[in-house]
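Everything below belongs to model_39.cif, which stores mmCIF, C-alpha atoms.
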data_work
loop_
_atom_site.label_atom_id
_atom_site.label_comp_id
_atom_site.auth_asym_id
_atom_site.auth_seq_id
_atom_site.Cartn_x
_atom_site.Cartn_y
_atom_site.Cartn_z
CA MET K 76 26.71 28.17 137.37
CA PRO K 77 26.85 29.65 133.84
CA VAL K 78 30.23 29.86 132.15
CA VAL K 79 31.07 32.79 129.88
CA ARG K 80 32.36 31.75 126.45
CA GLU K 81 34.08 34.19 124.10
CA PHE K 82 33.40 33.79 120.39
CA THR K 83 35.98 35.38 118.09
CA LEU K 84 35.68 36.35 114.43
CA PRO K 85 36.48 33.16 112.49
CA ASP K 86 38.75 32.90 109.48
CA LEU K 87 36.35 33.60 106.59
CA GLY K 88 38.74 32.09 104.06
CA GLU K 89 40.67 33.27 100.97
CA GLY K 90 43.31 35.07 103.02
CA LEU K 91 40.89 37.57 104.59
CA THR K 92 42.32 39.18 107.73
CA GLY K 93 39.26 40.99 109.02
CA ALA K 94 35.73 42.18 108.40
CA GLU K 95 33.63 45.28 108.99
CA VAL K 96 30.57 45.07 111.24
CA VAL K 97 27.45 45.89 109.21
CA ARG K 98 24.77 45.24 111.82
CA TRP K 99 24.23 43.23 114.97
CA MET K 100 21.44 40.65 114.78
CA VAL K 101 21.24 40.10 118.55
CA GLU K 102 21.38 42.25 121.69
CA VAL K 103 23.00 41.90 125.08
CA GLY K 104 20.65 39.93 127.31
CA GLU K 105 19.10 38.05 124.42
CA VAL K 106 18.95 34.26 124.60
CA ILE K 107 20.44 32.67 121.48
CA ALA K 108 20.58 29.12 120.15
CA VAL K 109 23.63 27.19 119.00
CA ASP K 110 24.72 28.29 115.49
CA GLN K 111 22.34 31.27 115.45
CA ALA K 112 23.54 34.16 113.27
CA VAL K 113 24.62 36.99 115.57
CA VAL K 114 26.23 39.58 113.27
CA GLU K 115 26.37 40.56 109.63
CA VAL K 116 29.85 41.55 108.45
CA GLU K 117 31.27 42.84 105.20
CA THR K 118 34.54 41.39 104.00
CA ALA K 119 36.50 42.36 100.94
CA LYS K 120 34.56 39.65 99.11
CA ALA K 121 30.94 39.68 100.31
CA VAL K 122 28.45 40.44 103.07
CA VAL K 123 27.98 37.35 105.24
CA GLU K 124 26.14 36.37 108.40
CA VAL K 125 28.30 34.85 111.13
CA PRO K 126 26.75 32.16 113.37
CA CYS K 127 27.85 31.65 116.98
CA PRO K 128 28.69 28.09 118.10
CA TYR K 129 27.41 28.76 121.63
CA GLY K 130 23.87 28.88 122.98
CA GLY K 131 22.94 30.94 126.04
CA VAL K 132 22.61 34.56 127.12
CA VAL K 133 24.57 37.21 125.22
CA THR K 134 26.65 39.16 127.74
CA ALA K 135 28.65 41.50 125.50
CA LEU K 136 29.05 42.59 121.88
CA PHE K 137 32.38 43.86 120.56
CA GLY K 138 32.57 46.32 117.67
CA ALA K 139 30.19 49.03 116.52
CA PRO K 140 28.66 49.08 113.01
CA GLY K 141 31.30 50.36 110.61
CA GLU K 142 34.19 49.16 112.78
CA GLU K 143 36.81 46.77 111.43
CA ILE K 144 37.26 43.55 113.43
CA ALA K 145 40.38 41.44 112.95
CA VAL K 146 40.17 37.68 112.52
CA GLY K 147 40.63 36.17 115.99
CA ALA K 148 39.35 39.26 117.82
CA ALA K 149 36.36 38.96 120.15
CA LEU K 150 32.88 39.27 118.63
CA VAL K 151 30.51 38.25 121.42
CA THR K 152 30.55 36.61 124.83
CA VAL K 153 27.81 34.19 125.83
CA ALA K 154 26.85 32.90 129.30
CA VAL K 155 26.41 29.16 128.75
CA SER K 156 24.67 27.07 131.42
CA PRO K 157 26.16 23.64 132.20
CA GLY K 158 24.61 20.99 129.98
CA GLU K 159 23.22 23.58 127.57
CA GLY K 160 24.46 25.62 124.61
CA GLY K 161 25.70 22.74 122.49
CA PRO K 162 28.64 20.35 122.94
CA ALA K 163 31.34 21.03 125.48
CA VAL K 164 34.02 23.34 124.13
CA SER K 165 37.37 23.98 125.75
CA ALA K 166 38.39 27.52 126.61
CA GLU K 167 41.36 27.30 124.25
CA VAL K 168 39.85 25.73 121.11
CA GLU K 169 36.53 26.74 119.57
CA ARG K 170 34.28 24.41 117.61
CA PRO K 171 34.80 25.33 113.92
CA LEU K 172 31.88 26.83 112.01
CA VAL K 173 30.52 25.15 108.93
CA GLY K 174 31.86 27.02 105.89
CA TYR K 175 34.58 28.91 107.78
CA GLY K 176 38.12 28.15 108.86
CA VAL K 177 39.64 28.63 112.30
CA ALA K 178 42.33 31.19 113.00
CA GLU K 179 44.53 31.71 116.03
CA PRO K 180 43.27 34.67 118.09
CA ASP K 181 45.17 37.91 117.63
CA ARG K 182 45.68 39.00 121.20
CA GLY K 183 46.97 42.38 120.05
CA SER K 184 43.75 43.26 118.21
CA ARG K 185 41.70 46.22 119.31
CA ARG K 186 38.57 45.21 121.23
CA ARG K 187 35.71 47.64 121.67
CA ARG K 188 32.59 46.78 123.55
CA VAL K 189 29.40 48.17 122.09
CA GLY K 190 27.19 50.22 124.42
CA VAL K 191 24.02 48.16 124.36
CA SER K 192 21.17 47.42 126.74
CA VAL K 193 20.76 44.55 129.19
CA PRO K 194 17.23 43.42 130.15
CA ALA K 195 16.47 43.68 133.86
CA ALA K 196 15.45 40.04 133.93
CA VAL K 197 18.99 38.89 133.13
CA ALA K 198 21.15 41.82 134.24
CA ALA K 199 21.93 40.47 137.70
CA PRO K 200 23.02 36.92 136.74
CA VAL K 201 24.96 38.19 133.74
CA ALA K 202 26.83 40.70 135.87
CA ALA K 203 27.70 37.98 138.37
CA VAL K 204 29.05 35.68 135.69
CA ALA K 205 30.75 38.26 133.52
CA ALA K 206 32.51 40.22 136.24
CA PRO K 207 35.69 38.13 136.45
CA ALA K 208 35.78 36.99 132.81
CA VAL K 209 34.66 40.00 130.78
CA THR K 210 34.55 43.25 132.71
CA ALA K 211 38.10 43.24 134.05
CA PRO K 212 39.93 42.79 130.70
CA VAL K 213 37.77 45.38 128.98
CA ALA K 214 38.20 48.11 131.61
CA PRO K 215 41.56 49.46 130.37
CA VAL K 216 40.28 49.59 126.78
CA VAL K 217 37.15 51.48 127.80
CA ALA K 218 39.25 53.96 129.72
CA ALA K 219 41.36 54.54 126.61
CA ALA K 220 38.28 55.04 124.42
CA PRO K 221 35.82 57.21 126.40
CA ALA K 222 33.54 57.57 123.38
CA VAL K 223 32.32 53.99 123.88
CA MET K 224 29.28 53.82 126.19
CA ALA K 225 29.06 51.41 129.09
CA PRO K 226 26.11 48.96 129.08
CA VAL K 227 22.84 50.59 130.14
CA VAL K 228 20.12 48.64 131.96
CA VAL K 229 16.73 49.02 130.33
CA PRO K 230 13.58 47.69 132.08
CA VAL K 231 12.15 45.43 129.38
CA ILE K 232 10.96 41.88 129.95
CA SER K 233 8.96 40.93 126.86
CA PRO K 234 11.09 39.76 123.93
CA LEU K 235 8.22 40.83 121.64
CA VAL K 236 8.63 44.41 122.81
CA ARG K 237 12.38 44.21 122.24
CA ARG K 238 11.92 42.75 118.76
CA SER K 239 9.37 45.43 117.83
CA ALA K 240 11.80 48.14 118.93
CA ARG K 241 14.64 46.57 116.96
CA GLU K 242 12.54 46.24 113.78
CA HIS K 243 11.46 49.89 113.94
CA GLY K 244 14.88 51.26 114.92
CA ILE K 245 13.78 52.46 118.35
CA ASP K 246 16.48 53.03 121.00
CA LEU K 247 15.00 51.60 124.20
CA THR K 248 17.39 53.61 126.35
CA VAL K 249 15.44 56.79 125.52
CA VAL K 250 11.94 55.32 125.86
CA ARG K 251 10.05 56.09 129.08
CA GLY K 252 8.14 53.05 130.31
CA SER K 253 4.55 53.31 131.51
CA GLY K 254 4.51 49.98 133.35
CA PRO K 255 5.35 49.20 136.99
CA ASP K 256 8.76 50.59 138.02
CA GLY K 257 9.16 52.15 134.59
CA LEU K 258 8.77 48.86 132.70
CA ILE K 259 8.64 49.47 128.93
CA MET K 260 5.41 48.12 127.46
CA ARG K 261 4.37 47.49 123.86
CA ALA K 262 2.27 50.68 123.88
CA ASP K 263 5.40 52.67 124.79
CA VAL K 264 7.25 51.34 121.76
CA GLU K 265 4.24 51.98 119.51
CA ARG K 266 4.10 55.60 120.70
CA ALA K 267 7.83 55.96 119.98
CA VAL K 268 7.33 54.52 116.49
CA ALA K 269 4.45 56.96 115.82
CA ALA K 270 6.55 59.88 117.05
CA LYS K 271 9.42 58.83 114.85
CA ALA K 272 7.15 58.66 111.80
CA ALA K 273 5.58 62.09 112.45
CA PRO K 274 6.84 64.79 110.07
CA ALA K 275 9.37 67.07 111.68
CA ALA K 276 8.79 70.83 111.79
CA PRO K 277 10.48 72.62 108.89
CA ALA K 278 13.85 73.99 109.85
CA PRO K 279 14.69 77.60 109.07
CA ALA K 280 16.40 78.07 105.74
CA ALA K 281 20.16 78.34 105.93
CA ALA K 282 22.67 79.43 103.39
CA ALA K 283 24.28 76.53 101.59
CA VAL K 284 27.89 76.12 102.57
CA PRO K 285 30.01 74.13 100.12
CA ALA K 286 32.10 71.50 101.82
CA ASP K 287 34.51 68.85 100.59
CA GLY K 288 33.64 65.35 101.63
CA VAL K 289 35.85 62.27 101.92
CA VAL K 290 34.24 58.92 101.18
CA PRO K 291 36.17 56.21 103.03
CA LEU K 292 37.35 53.18 101.08
CA ARG K 293 35.83 50.22 102.87
CA GLY K 294 34.95 46.62 102.26
CA LEU K 295 34.59 45.72 98.60
CA ARG K 296 35.54 49.19 97.32
CA ARG K 297 38.81 49.11 99.25
CA ALA K 298 39.59 45.56 98.11
CA VAL K 299 38.97 46.54 94.48
CA ALA K 300 41.20 49.60 94.83
CA GLU K 301 44.02 47.56 96.36
CA LYS K 302 43.75 44.79 93.77
CA LEU K 303 43.70 47.14 90.79
CA THR K 304 46.61 49.13 92.17
CA ARG K 305 48.62 45.95 92.63
CA SER K 306 47.71 44.73 89.14
CA HIS K 307 48.72 48.03 87.54
CA ARG K 308 51.98 48.07 89.51
CA GLU K 309 53.06 44.45 89.01
CA ILE K 310 51.70 43.27 85.66
CA PRO K 311 53.18 44.50 82.36
CA ALA K 312 49.88 44.40 80.50
CA ALA K 313 49.28 45.00 76.80
CA THR K 314 46.04 45.24 74.82
CA CYS K 315 45.11 44.36 71.25
CA TRP K 316 41.71 44.65 69.60
CA VAL K 317 39.75 43.83 66.49
CA ASP K 318 36.31 44.61 65.04
CA ALA K 319 34.20 41.52 64.35
CA ASP K 320 31.02 40.92 62.38
CA ALA K 321 28.64 39.32 64.92
CA THR K 322 25.70 39.00 62.52
CA GLU K 323 25.95 35.22 62.23
CA LEU K 324 26.40 34.81 65.99
CA MET K 325 23.23 36.81 66.66
CA ALA K 326 21.39 34.78 64.03
CA LEU K 327 22.51 31.58 65.74
CA ARG K 328 21.24 32.91 69.07
CA ARG K 329 17.83 33.70 67.58
CA GLN K 330 17.70 30.22 66.08
CA LEU K 331 18.56 28.57 69.40
CA ASN K 332 16.02 30.62 71.30
CA ALA K 333 13.28 29.76 68.80
CA ALA K 334 13.50 26.14 69.93
CA PRO K 335 11.98 24.87 73.22
CA GLY K 336 14.24 25.10 76.24
CA PRO K 337 16.15 27.72 78.25
CA ARG K 338 17.04 30.94 76.45
CA VAL K 339 20.68 31.36 75.44
CA SER K 340 22.30 34.71 76.18
CA VAL K 341 25.02 36.41 74.14
CA LEU K 342 27.24 36.18 77.22
CA ALA K 343 26.78 32.39 77.33
CA LEU K 344 27.83 32.09 73.67
CA LEU K 345 30.89 34.27 74.31
CA ALA K 346 31.75 32.21 77.39
CA ARG K 347 31.58 29.04 75.30
CA ILE K 348 33.88 30.62 72.71
CA CYS K 349 36.34 31.56 75.47
CA THR K 350 36.55 28.00 76.83
CA VAL K 351 37.24 26.67 73.33
CA ALA K 352 39.84 29.37 72.65
CA LEU K 353 41.62 28.67 75.97
CA ALA K 354 41.80 24.98 75.09
CA ARG K 355 43.58 26.05 71.91
CA PHE K 356 45.82 28.59 73.73
CA PRO K 357 46.26 27.10 77.24
CA GLU K 358 49.15 29.42 78.15
CA LEU K 359 46.59 32.22 78.56
CA ASN K 360 44.76 30.33 81.29
CA SER K 361 47.60 30.90 83.72
CA SER K 362 49.14 33.26 86.27
CA VAL K 363 52.62 34.27 87.34
CA THR K 364 53.72 32.83 90.68
CA GLU K 365 53.80 35.07 93.74
CA ASP K 366 57.57 35.48 93.65
CA GLY K 367 57.60 36.03 89.88
CA SER K 368 59.86 33.05 89.24
CA GLY K 369 57.47 30.93 87.19
CA ILE K 370 54.16 30.62 85.36
CA LEU K 371 51.38 28.50 86.83
CA ARG K 372 49.28 26.77 84.17
CA HIS K 373 45.70 26.05 85.27
CA SER K 374 44.11 22.79 84.18
CA SER K 375 40.54 24.09 84.63
CA VAL K 376 38.93 27.27 83.34
CA HIS K 377 37.34 29.16 86.22
CA LEU K 378 35.67 31.87 84.20
CA GLY K 379 35.11 35.22 85.88
CA PHE K 380 32.74 37.78 84.41
CA ALA K 381 31.92 41.34 85.34
CA ALA K 382 28.49 41.83 86.97
CA GLN K 383 26.89 44.90 88.48
CA GLY K 384 25.72 44.33 92.05
CA GLU K 385 24.33 46.54 94.78
CA ARG K 386 27.86 46.83 96.21
CA GLY K 387 29.32 47.87 92.87
CA LEU K 388 31.03 45.95 90.10
CA VAL K 389 31.93 42.41 91.13
CA VAL K 390 33.46 39.43 89.31
CA PRO K 391 31.65 36.16 90.08
CA VAL K 392 33.35 32.97 88.92
CA VAL K 393 31.90 30.03 86.96
CA ARG K 394 33.80 26.96 88.14
CA ASN K 395 35.08 24.44 85.59
CA ALA K 396 33.48 26.33 82.73
CA GLN K 397 35.15 24.08 80.16
CA GLU K 398 32.95 21.17 81.33
CA LEU K 399 29.64 22.99 80.84
CA SER K 400 27.42 23.11 77.77
CA THR K 401 26.22 26.43 76.40
CA GLU K 402 22.88 26.01 78.18
CA GLN K 403 24.60 25.13 81.45
CA LEU K 404 26.91 28.13 81.10
CA GLY K 405 23.88 30.35 80.52
CA ALA K 406 22.12 28.98 83.60
CA GLU K 407 25.16 29.49 85.85
CA LEU K 408 25.85 32.97 84.47
CA GLY K 409 22.22 33.90 85.10
CA ARG K 410 22.25 32.52 88.64
CA LEU K 411 25.43 34.36 89.58
CA THR K 412 24.18 37.59 87.99
CA GLU K 413 20.96 37.52 90.02
CA THR K 414 22.91 36.69 93.17
CA ALA K 415 25.23 39.63 92.49
CA ARG K 416 22.26 41.98 92.09
CA ALA K 417 20.90 40.77 95.41
CA GLY K 418 24.28 41.40 97.04
CA SER K 419 24.47 37.86 98.41
CA LEU K 420 27.45 36.36 96.60
CA THR K 421 29.65 34.25 98.86
CA PRO K 422 33.43 34.67 99.08
CA ALA K 423 33.84 31.35 97.26
CA GLU K 424 31.78 32.65 94.33
CA LEU K 425 33.98 35.73 94.01
CA THR K 426 37.44 34.17 94.12
CA GLY K 427 39.62 31.69 92.29
CA GLY K 428 39.10 32.91 88.73
CA THR K 429 41.69 32.05 86.05
CA PHE K 430 40.34 34.13 83.13
CA THR K 431 37.84 37.01 82.94
CA LEU K 432 35.20 37.88 80.34
CA ASN K 433 34.24 41.55 80.49
CA ASN K 434 31.06 42.47 78.60
CA TYR K 435 31.28 46.25 78.89
CA GLY K 436 29.00 46.58 75.86
CA VAL K 437 26.05 46.49 78.28
CA PHE K 438 27.09 50.02 79.27
CA GLY K 439 26.74 51.21 75.68
CA VAL K 440 30.45 51.57 74.94
CA ASP K 441 32.48 50.14 72.08
CA GLY K 442 35.93 49.56 73.54
CA SER K 443 38.02 49.51 76.68
CA THR K 444 41.53 48.75 77.94
CA PRO K 445 40.76 47.18 81.34
CA ILE K 446 43.20 46.44 84.13
CA LEU K 447 43.74 42.72 84.60
CA ASN K 448 42.07 40.94 87.48
CA HIS K 449 45.21 40.07 89.46
CA PRO K 450 46.68 37.43 89.41
CA GLU K 451 45.01 36.38 86.15
CA ALA K 452 47.02 36.71 82.95
CA ALA K 453 44.30 37.63 80.45
CA MET K 454 40.91 39.25 79.97
CA LEU K 455 38.61 39.39 76.93
CA GLY K 456 36.51 42.53 76.55
CA VAL K 457 33.39 42.76 74.37
CA GLY K 458 31.86 46.05 73.26
CA ARG K 459 28.27 46.72 72.26
CA ILE K 460 26.88 44.94 69.20
CA VAL K 461 25.56 47.64 66.89
CA ALA K 462 24.48 47.93 63.26
CA LYS K 463 27.27 49.43 61.12
CA PRO K 464 28.22 49.64 57.44
CA TRP K 465 30.47 46.66 56.69
CA VAL K 466 32.00 45.10 53.61
CA HIS K 467 30.46 41.63 53.44
CA GLN K 468 31.30 39.24 50.58
CA GLY K 469 32.69 42.14 48.55
CA GLU K 470 29.69 44.39 48.97
CA LEU K 471 28.79 47.16 51.40
CA ALA K 472 26.07 46.01 53.81
CA VAL K 473 24.63 46.83 57.21
CA ARG K 474 25.94 44.24 59.67
CA GLU K 475 25.91 43.75 63.44
CA VAL K 476 29.44 44.62 64.51
CA THR K 477 31.27 44.47 67.84
CA GLN K 478 34.75 45.37 69.00
CA LEU K 479 36.75 42.71 70.83
CA SER K 480 39.69 43.72 73.00
CA PHE K 481 42.18 41.42 74.64
CA THR K 482 44.40 42.48 77.55
CA PHE K 483 47.17 40.09 78.57
CA ASP K 484 50.16 39.76 80.86
CA HIS K 485 53.16 40.10 78.54
CA ARG K 486 55.19 37.86 80.85
CA VAL K 487 53.12 34.77 80.02
CA CYS K 488 53.09 35.15 76.25
CA ASP K 489 54.18 37.33 73.36
CA GLY K 490 52.03 39.32 70.97
CA GLY K 491 51.80 36.42 68.50
CA THR K 492 50.01 34.20 71.00
CA ALA K 493 47.72 37.00 72.16
CA GLY K 494 46.91 37.96 68.58
CA GLY K 495 46.26 34.33 67.67
CA PHE K 496 43.83 33.96 70.58
CA LEU K 497 41.95 37.13 69.69
CA ARG K 498 41.77 36.25 66.00
CA PHE K 499 40.38 32.81 66.83
CA VAL K 500 37.71 34.36 69.06
CA ALA K 501 36.81 36.85 66.33
CA ASP K 502 36.56 34.04 63.76
CA CYS K 503 34.19 32.13 66.06
CA VAL K 504 32.06 35.26 66.48
CA GLU K 505 31.90 35.76 62.71
CA GLN K 506 31.54 32.06 61.86
CA PRO K 507 30.09 30.31 64.95
CA GLY K 508 29.90 27.04 63.01
CA MET K 509 33.67 26.78 63.62
CA LEU K 510 32.86 25.75 67.17
CA LEU K 511 31.60 22.40 65.88
CA ARG K 512 35.18 21.49 65.04
CA GLN K 513 36.12 21.83 68.70
CA LEU K 514 33.23 19.76 70.16
#

Turn the structure described in the file into structure tokens.
Amino acid sequence: MPVVREFTLPDLGEGLTGAEVVRWMVEVGEVIAVDQAVVEVETAKAVVEVPCPYGGVVTALFGAPGEEIAVGAALVTVAVSPGEGGPAVSAEVERPLVGYGVAEPDRGSRRRRVGVSVPAAVAAPVAAVAAPAVTAPVAPVVAAAPAVMAPVVVPVISPLVRRSAREHGIDLTVVRGSGPDGLIMRADVERAVAAKAAPAAPAPAAAAVPADGVVPLRGLRRAVAEKLTRSHREIPAATCWVDADATELMALRRQLNAAPGPRVSVLALLARICTVALARFPELNSSVTEDGSGILRHSSVHLGFAAQGERGLVVPVVRNAQELSTEQLGAELGRLTETARAGSLTPAELTGGTFTLNNYGVFGVDGSTPILNHPEAAMLGVGRIVAKPWVHQGELAVREVTQLSFTFDHRVCDGGTAGGFLRFVADCVEQPGMLLRQL
């Protein structure tokens, strides 16, 4: 006889306590394989797909799209037949997922069961199995939240019909079947798709009524807001800046890109300068301990940089940047930038930075005083590189000039150290040959 297994939201790492349901990738009544992705969730770090360690028939889904699920709270229940659905798993301990940790279930977490359909072919056996293990515990919660629908039986047998409906966003509970006993056929779904695509009749004009709207802070946006608020509250930050003549740096870039091989970006050159500067001023590659009693010096430079993704501004991290050549830095920066644009950065790629490079010049601005990326102690900002009148070798000339700004945690160093770091960076921008001394 099938045994119902409950799969809870695993610990997604980096201190995350929950995730928001983006979309379900399976339905109640669907047969799934071991480690098949069942739901897409958005954490404070990234959007990830969560695989289920059980194989069998899905009997219940918990959490509607947009709802926050706590780590350890129920996600799905699966009816697993004896001898199937992967290795034996005890009721108390789940098999850990590759890439995720395991957290103790939070028995006090809210559990909402999504109103979804159950195919007629599996409704009877699922009900028999789930009655003692699933229905009874959920009943009080459903009574307390009447807005949540109870499961509705829909007469569909063909998984192809169900997939077609899912791909076209068709709710099978409102489709009238033309088959025997109201069975929903492929033609029924196709008619529903055609009706959905048909242009709606124009609605009568109505007077525009101004209304205030509240956009909820969720997922990444909420995490950013919380982190910036904490940084502004806890870190006594100061900023210094200097204008630098980047003409020679741009000439070096053109020279490098004229040779065969991968193209070198300005960001890669700036990243290389940062790793050299941090080797010279290691106290800036640090962070203050959680209790504020000490300063933690980092032996490796995990270089974060600002990148615009579909979920907003994110800060991917280049691990062990000090060990990479300029070409390797460029390749990794390019890979992470493309991944950010696709919205598929992993939590590991968005955490653990020790120093941030912020190239806000791509937005066409000259300067900025950014808030530090807590708990990091320093951030270098680079404005746009633009032609300006400049005194060069005693004469007025048109040069390519940029503004460099440096924001730092005043607890880890004084102004002399911060000024020394920024001046060294500016010297490397103006005379990139200086980097040869550090190689």

Which residues match the PyMOL selection byres ((chain K and resi 418) around 8) in the file above, as a PyMOL selection string? chain K and resi 121-122+384-386+414-417+419-420

Export C-alpha atoms of the chosen residues as a compact mmCIF listing (two decimals), keeping the file's coordinate frame?
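For reference, again_23.txt as written:
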# COMPACT_ATOMS: atom_id res chain seq x y z
CA ALA K 121 30.94 39.68 100.31
CA VAL K 122 28.45 40.44 103.07
CA GLY K 384 25.72 44.33 92.05
CA GLU K 385 24.33 46.54 94.78
CA ARG K 386 27.86 46.83 96.21
CA THR K 414 22.91 36.69 93.17
CA ALA K 415 25.23 39.63 92.49
CA ARG K 416 22.26 41.98 92.09
CA ALA K 417 20.90 40.77 95.41
CA SER K 419 24.47 37.86 98.41
CA LEU K 420 27.45 36.36 96.60

A straight line from CA of Ala240 in chain K to CA of Ala108 in chain K spans 21.0 Å

note - CA of His485 in chain K and CA of Ala382 in chain K are separated by 26.1 Å

Counting only C-alpha atoms, which residue out of K:Val116, K:Leu345, K:Cys488, K:Val466 sits closest to Gly93 in chain K?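 The closest residue to Gly93 in chain K is K:Val116.
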
The PyMOL selection byres ((chain K and resi 126-129) around 6) on the file shown: which residues, as a list in words?
Val109, Asp110, Gln111, Ala112, Val113, Val125, Gly130 and Gly160 of chain K

Could you save the residues just selected, with C-alpha atoms, as an mmCIF file, in the coordinates of the input?
data_model
loop_
_atom_site.group_PDB
_atom_site.id
_atom_site.type_symbol
_atom_site.label_atom_id
_atom_site.label_comp_id
_atom_site.auth_asym_id
_atom_site.auth_seq_id
_atom_site.Cartn_x
_atom_site.Cartn_y
_atom_site.Cartn_z
ATOM 1 C CA VAL K 109 23.630 27.190 119.000
ATOM 2 C CA ASP K 110 24.720 28.290 115.490
ATOM 3 C CA GLN K 111 22.340 31.270 115.450
ATOM 4 C CA ALA K 112 23.540 34.160 113.270
ATOM 5 C CA VAL K 113 24.620 36.990 115.570
ATOM 6 C CA VAL K 125 28.300 34.850 111.130
ATOM 7 C CA GLY K 130 23.870 28.880 122.980
ATOM 8 C CA GLY K 160 24.460 25.620 124.610
#

ask   = Could you spell out the hits of the PyMOL selection byres ((chain K and resi 295) around 12) on the shown file, as a VMD selection string?
value = chain K and resid 91 94 to 95 116 to 122 291 to 294 296 to 302 384 to 390 418 420 422 425

What is the CA of Glu102 in chain K to CA of Ala135 in chain K distance in Å?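 One can read the CA of Glu102 in chain K to CA of Ala135 in chain K distance as 8.2 Å.
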
Sorted by chain and rising residue number, which residues of range 313-373 of chain K lie within 10 Å of range 469-484 of chain K, and what are their closest atom pairs and distances in Å to one decimal, counting all atoms listed in the file, as a Markdown table?
| residue | atom | partner | partner_atom | distance |
| --- | --- | --- | --- | --- |
| K:Ala313 | CA | K:Thr482 | CA | 5.5 |
| K:Thr314 | CA | K:Thr482 | CA | 4.2 |
| K:Cys315 | CA | K:Phe481 | CA | 5.4 |
| K:Trp316 | CA | K:Ser480 | CA | 4.1 |
| K:Val317 | CA | K:Leu479 | CA | 5.4 |
| K:Asp318 | CA | K:Gln478 | CA | 4.3 |
| K:Ala319 | CA | K:Thr477 | CA | 5.4 |
| K:Asp320 | CA | K:Val476 | CA | 4.6 |
| K:Ala321 | CA | K:Val476 | CA | 5.4 |
| K:Thr322 | CA | K:Glu475 | CA | 4.8 |
| K:Glu323 | CA | K:Glu475 | CA | 8.6 |
| K:Leu324 | CA | K:Glu475 | CA | 9.3 |
| K:Met325 | CA | K:Glu475 | CA | 8.1 |
| K:Leu359 | CA | K:Phe483 | CA | 7.9 |
| K:Ser361 | CA | K:Asp484 | CA | 9.7 |
| K:Ser362 | CA | K:Asp484 | CA | 8.5 |
| K:Val363 | CA | K:Asp484 | CA | 8.8 |

Save out the residues we just selected, C-alpha atoms, as a short mmCIF file (atom, residue, chain, number, x, y, z; two decimals), keeping the file's coordinate frame.
data_model
loop_
_atom_site.label_atom_id
_atom_site.label_comp_id
_atom_site.auth_asym_id
_atom_site.auth_seq_id
_atom_site.Cartn_x
_atom_site.Cartn_y
_atom_site.Cartn_z
CA ALA K 313 49.28 45.00 76.80
CA THR K 314 46.04 45.24 74.82
CA CYS K 315 45.11 44.36 71.25
CA TRP K 316 41.71 44.65 69.60
CA VAL K 317 39.75 43.83 66.49
CA ASP K 318 36.31 44.61 65.04
CA ALA K 319 34.20 41.52 64.35
CA ASP K 320 31.02 40.92 62.38
CA ALA K 321 28.64 39.32 64.92
CA THR K 322 25.70 39.00 62.52
CA GLU K 323 25.95 35.22 62.23
CA LEU K 324 26.40 34.81 65.99
CA MET K 325 23.23 36.81 66.66
CA LEU K 359 46.59 32.22 78.56
CA SER K 361 47.60 30.90 83.72
CA SER K 362 49.14 33.26 86.27
CA VAL K 363 52.62 34.27 87.34
#

Q) Which residue out of K:Leu258, K:Arg394, K:Val96, K:Lys463 has the minimum interatomic distance to Gly138 in chain K when only C-alpha atoms are used? A)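 For Gly138 in chain K, the nearest of the candidates is K:Val96.
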
query = Between K:Val106, K:Ile259, K:Leu378, K:Val437, which is the closest to Val155 in chain K once you count only C-alpha atoms?
reply =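 Once distances to Val155 in chain K are computed over only C-alpha atoms, the minimum belongs to K:Val106.
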
**Study point:** 7 Å contact set for Val440 in chain K, all atoms listed in the file, chain neighbours under 5 positions out, as number ranges by chain
**Key:** K: 435, 458-459

Nearest residue to Gly409 in chain K from the set K:Leu371, K:Leu342, K:Ala149, K:Ala423 (distances using all atoms listed in the file)
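Closest candidate: K:Leu342.
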
Using all atoms listed in the file, the shortest atom-to-atom distance to Asp489 in chain K among K:Pro311, K:Pro464, K:Pro335, K:Gly257 belongs to K:Pro311

**Prompt:** With distances taken over all atoms listed in the file, which of K:Ala501, K:Ile107, K:Ala326, K:Cys349 is nearest to Thr152 in chain K?
**Reply:**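 Among K:Ala501, K:Ile107, K:Ala326, K:Cys349, it is K:Ile107 that comes nearest to Thr152 in chain K.
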